[in-house]
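A.B. asks: Take a look at this one; I'll ask things after.
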Amino acid sequence: MHLLLSTAIALFAGLMMTRAFKYMHLKFPDVTAFLIAGVLVGPFVLGRLGVDGLGFMSMEQLDKVSFLNNVALGFIAFDIGNEFRLAQLRQTGKAATVIGIIQAVMATALVDAALIALHFIVGPDVLPLPVAITLGAIASATAPAATLMVVRQYKAKGPVTGLLLPIVALDDAVGLVIFAVSFGIAEAMEGGALNVVSVIINPLLEIGCSLVLGSLMGALLTVLEKMFFSNSNRLSLTIAFVVMTIALASVEIPLGGGAEISFSSLLVCMMLGTMFCNLSEFSADIMKRSEKWTAPLYAVFFVLSGAELDLTVFRYPVIILVGVVYILVRCVGKYFGALLSSSMMKCGDTVRRYLGITLFPQAGVALGMVVTAQKLGNGMGAAIRNIILFSVLIYELIGPLLTKMALTAAGEITSGASDHQNRARFQMPKHSA
């Protein structure tokens, strides 16, 4: 009961925070309001009062509702998979692929270089080399959830948005490979031997198996939807398949010799969405209907994400120093990586100027990488976790706002679009005499 009440209060607080922002004339995206509300109902503010049900009193309580985050991320990935329609890919596929790879690699390379240089300045006890290399790999990831929410809220449309969502989707696959290689090197530097299985074979197995599982589930969903004649029932079946796919993606099958079959839930659900939108004649209508169903789920996801932000990281000056370097250099890598690659692909001026800014947000995928990174011993895993938590706190609070500003400057968000749409949605119809 207490967890249900806390979750309901979290959603209510997030919605009320969006109204407070409007009344104070703060033009922040709803994502930022949800995150701030989450911090307030989390263990470090309302949770400190010790009133069970009023807020989340501990990280353990948040862990018990973390399945909601997994479900929300699955639907976010499913939505982004809808951006890979063949008709669109013929126009943007090559450019999105090249930009997605180059900006991710450049962010990793620059963060690696900056943190390795900082390692020699502050000393190995403060910033060990394995930590620097692992952080560089995590820098490649971009948060699909925050980006999708901003695009949805303001109905952004144009060349920047058309490239943005496929690039964010590609980040997951590119980031997985970069992280696996870098983390394998970091483990070897810690004292082990360079393991070819963990560096090359397992990442390739994860990506390949994820694409296969997502394709099979998408094909099966398309066949089964033809059995139903109501779009409401088709939507229910789609929801069941997304949740089922998320559950199947958590399976791990050891093959021996350190190799294992595992899945990325984001990649699997993206592929599910891609197959569904290209094979099913009902996909366009189902995707429109799912937006209304998933809106409160996404709100809960961002409020819970805000509640999970560990404010104790501000106690440690070293973490703040490394975190600031990480944040600034990663932004430089993302911006100039997108600028360079979009220029190579002869994209328009607005894409070259604003696309990189929209790639700044970072959260879910990076935090997933942190779980693996915590295997590093001698306190290095904990250091990586705290630095990424600090950066996520900053990125998630300012990243959605920067994305909105960039898309507005690119002319893909109309000023006041969200407010006009909300007023139109609740306007009473006029009755004729």
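Scheme for the structure tokens: letters A, B, ... for chains in order shown; per-chain residue numbers from 1; ligand numbers from 1 in order shown.
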Among range 135-217 of chain A, which residues carry a DSSP assignment of helix (DSSP H, G or I), reported as a ChimeraX atom specification?

C.D. replies: /A:135-138,144-153,159-190,196-217

A.B. asks: Grab the residues selected above and save them as a JSON list (two decimals), in the first residue's frame with C-alpha atoms.

C.D. replies:
[["chain", "number", "residue", "atom", "x", "y", "z"],
["A", 135, "LEU", "CA", 33.95, 6.98, -18.23],
["A", 136, "GLY", "CA", 35.04, 7.74, -21.79],
["A", 137, "ALA", "CA", 33.05, 4.76, -23.05],
["A", 138, "ILE", "CA", 29.94, 5.76, -21.08],
["A", 144, "PRO", "CA", 16.45, 8.45, -25.68],
["A", 145, "ALA", "CA", 13.72, 9.08, -23.10],
["A", 146, "ALA", "CA", 14.31, 12.80, -22.49],
["A", 147, "THR", "CA", 14.74, 13.49, -26.20],
["A", 148, "LEU", "CA", 11.55, 11.65, -27.15],
["A", 149, "MET", "CA", 9.53, 13.45, -24.45],
["A", 150, "VAL", "CA", 10.62, 16.90, -25.66],
["A", 151, "VAL", "CA", 9.87, 16.01, -29.29],
["A", 152, "ARG", "CA", 6.45, 14.67, -28.30],
["A", 153, "GLN", "CA", 5.49, 17.54, -25.99],
["A", 159, "PRO", "CA", 15.23, 18.00, -40.60],
["A", 160, "VAL", "CA", 16.90, 18.09, -37.15],
["A", 161, "THR", "CA", 14.13, 16.04, -35.53],
["A", 162, "GLY", "CA", 14.07, 13.65, -38.49],
["A", 163, "LEU", "CA", 17.74, 12.80, -37.89],
["A", 164, "LEU", "CA", 17.70, 13.10, -34.10],
["A", 165, "LEU", "CA", 15.53, 10.10, -33.14],
["A", 166, "PRO", "CA", 17.27, 7.55, -35.42],
["A", 167, "ILE", "CA", 20.67, 8.80, -34.18],
["A", 168, "VAL", "CA", 19.62, 8.46, -30.54],
["A", 169, "ALA", "CA", 18.42, 4.93, -31.30],
["A", 170, "LEU", "CA", 21.75, 4.04, -32.94],
["A", 171, "ASP", "CA", 23.58, 5.34, -29.86],
["A", 172, "ASP", "CA", 22.53, 2.27, -27.92],
["A", 173, "ALA", "CA", 24.17, -0.17, -30.34],
["A", 174, "VAL", "CA", 27.29, 1.96, -30.86],
["A", 175, "GLY", "CA", 27.60, 2.65, -27.13],
["A", 176, "LEU", "CA", 27.33, -1.05, -26.26],
["A", 177, "VAL", "CA", 30.27, -1.92, -28.52],
["A", 178, "ILE", "CA", 32.44, 1.00, -27.34],
["A", 179, "PHE", "CA", 31.68, 0.27, -23.69],
["A", 180, "ALA", "CA", 32.38, -3.45, -23.98],
["A", 181, "VAL", "CA", 35.78, -2.85, -25.59],
["A", 182, "SER", "CA", 36.78, -0.06, -23.17],
["A", 183, "PHE", "CA", 35.58, -1.91, -20.08],
["A", 184, "GLY", "CA", 37.46, -5.03, -21.15],
["A", 185, "ILE", "CA", 40.64, -2.93, -21.38],
["A", 186, "ALA", "CA", 39.88, -1.35, -17.98],
["A", 187, "GLU", "CA", 39.51, -4.78, -16.37],
["A", 188, "ALA", "CA", 42.80, -5.90, -17.92],
["A", 189, "MET", "CA", 44.54, -2.80, -16.55],
["A", 190, "GLU", "CA", 43.14, -3.52, -13.10],
["A", 196, "VAL", "CA", 38.72, -11.43, -26.14],
["A", 197, "VAL", "CA", 35.41, -13.06, -25.17],
["A", 198, "SER", "CA", 34.22, -10.14, -23.04],
["A", 199, "VAL", "CA", 35.65, -7.46, -25.35],
["A", 200, "ILE", "CA", 34.49, -8.75, -28.74],
["A", 201, "ILE", "CA", 32.39, -11.93, -28.69],
["A", 202, "ASN", "CA", 29.86, -11.08, -25.95],
["A", 203, "PRO", "CA", 29.04, -7.57, -27.28],
["A", 204, "LEU", "CA", 28.53, -8.94, -30.80],
["A", 205, "LEU", "CA", 26.37, -11.75, -29.43],
["A", 206, "GLU", "CA", 24.29, -9.25, -27.43],
["A", 207, "ILE", "CA", 23.67, -6.98, -30.41],
["A", 208, "GLY", "CA", 22.99, -9.83, -32.85],
["A", 209, "CYS", "CA", 20.70, -11.76, -30.50],
["A", 210, "SER", "CA", 18.81, -8.57, -29.59],
["A", 211, "LEU", "CA", 18.13, -7.80, -33.26],
["A", 212, "VAL", "CA", 17.00, -11.38, -33.93],
["A", 213, "LEU", "CA", 14.68, -11.54, -30.90],
["A", 214, "GLY", "CA", 13.17, -8.13, -31.70],
["A", 215, "SER", "CA", 12.63, -9.13, -35.33],
["A", 216, "LEU", "CA", 10.91, -12.39, -34.38],
["A", 217, "MET", "CA", 8.64, -10.69, -31.85]]

A.B. asks: Skipping near chain neighbours, those fewer than 3 positions away, what residues fall within 7 Å of range 323-330 of chain A using only C-alpha atoms, listed as a ChimeraX atom specification?

C.D. replies: /A:107,110-111,139,319-320,333-334,387,390-391

A.B. asks: Report, in Å to a single decimal, how far apart CA of Ala37 in chain A and CA of Met17 in chain A are.

C.D. replies: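 Separating CA of Met17 in chain A from CA of Ala37 in chain A is a distance of 6.3 Å.
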
A.B. asks: Going by DSSP on the backbone, which bits of range 256-407 of chain A are strand (DSSP E or B)? Write them as a VMD selection string, please.

C.D. replies: chain A and resid 256 259 to 261

A.B. asks: Can you work out which one of A:Leu49, A:Leu54, A:Leu355, A:Met16 has the shortest atom-to-atom distance to Ala410 in chain A, counting only C-alpha atoms?

C.D. replies: A:Leu355

A.B. asks: From the set A:Ile99, A:Ile239, A:Val268, A:Leu221, which residue has the shortest atom-to-atom contact distance to Arg352 in chain A, counting only C-alpha atoms?

C.D. replies: A:Ile99

A.B. asks: Closest to Val332 in chain A among A:Ala284, A:Ala295, A:Leu359, A:Ala96, using only C-alpha atoms?

C.D. replies: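 Of A:Ala284, A:Ala295, A:Leu359, A:Ala96, the one nearest Val332 in chain A is A:Leu359, counting only C-alpha atoms.
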
A.B. asks: Using only C-alpha atoms, determine which residues lie at most 12 Å from Asn386 in chain A, disregarding the query and same-chain residues fewer than 5 positions distant; provide the list as a PyMOL selection string.

C.D. replies: chain A and resi 131+135+309-323+367+370-371+373-374+379-381+391-393

A.B. asks: Find the residues near Pro128 in chain A: any atom within 9 Å, counting only C-alpha atoms, skip ones fewer than 3 places away on the same chain, and give them as a short mmCIF file (atom, residue, chain, number, x, y, z; two decimals) with C-alpha atoms, in the first residue's frame.

C.D. replies:
data_model
loop_
_atom_site.label_atom_id
_atom_site.label_comp_id
_atom_site.auth_asym_id
_atom_site.auth_seq_id
_atom_site.Cartn_x
_atom_site.Cartn_y
_atom_site.Cartn_z
CA ILE A 116 43.69 10.54 -18.97
CA HIS A 119 44.79 11.38 -14.30
CA GLY A 123 47.37 11.42 -9.60
CA PRO A 124 46.32 7.76 -9.96
CA ASP A 125 44.91 7.62 -6.43
CA VAL A 131 38.05 4.78 -14.31
CA ALA A 132 39.05 7.35 -16.96
CA ILE A 133 38.76 4.82 -19.81
CA MET A 380 36.82 2.28 -8.79
#

A.B. asks: List the neighbours of Phe282 in chain A out to 12 Å using only C-alpha atoms; skip same-chain residues closer than 3 positions along the sequence, and give me the result as a PyMOL selection string.

C.D. replies: chain A and resi 221-226+228-235+238+276-279+285-289

A.B. asks: Deliver the residues from the most recent selection as a file, using C-alpha atoms, as a short mmCIF file (atom, residue, chain, number, x, y, z; two decimals), in the first residue's frame.

C.D. replies:
data_model
loop_
_atom_site.label_atom_id
_atom_site.label_comp_id
_atom_site.auth_asym_id
_atom_site.auth_seq_id
_atom_site.Cartn_x
_atom_site.Cartn_y
_atom_site.Cartn_z
CA LEU A 221 2.96 -9.36 -33.40
CA THR A 222 2.15 -8.37 -36.99
CA VAL A 223 0.66 -11.81 -37.74
CA LEU A 224 -1.41 -11.99 -34.54
CA GLU A 225 -2.83 -8.46 -34.94
CA LYS A 226 -4.64 -9.59 -38.10
CA PHE A 228 -8.41 -8.75 -34.26
CA PHE A 229 -10.78 -6.24 -35.83
CA SER A 230 -10.85 -3.62 -33.05
CA ASN A 231 -8.00 -1.14 -32.74
CA SER A 232 -8.52 -1.21 -28.97
CA ASN A 233 -7.81 -4.93 -28.91
CA ARG A 234 -4.85 -4.46 -31.24
CA LEU A 235 -3.46 -1.84 -28.86
CA THR A 238 0.76 -4.49 -28.70
CA PHE A 276 5.99 -3.66 -36.49
CA CYS A 277 5.90 -0.25 -38.17
CA ASN A 278 7.22 -1.65 -41.45
CA LEU A 279 5.12 -4.83 -41.60
CA ASP A 285 -3.02 4.14 -35.83
CA ILE A 286 -1.73 1.93 -33.02
CA MET A 287 1.28 4.20 -32.43
CA LYS A 288 -0.99 7.26 -32.15
CA ARG A 289 -3.19 5.45 -29.64
#

A.B. asks: So that I can check the surroundings of Cys269 in chain A, please list as a list in words every protein, DNA and RNA residue that reaches within 7 Å of it, counting only C-alpha atoms and ignoring chain neighbours fewer than 6 positions away.

C.D. replies: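 That gives Gly74, Ala77, Phe78, Gly214, Val242 and Thr245 of chain A.
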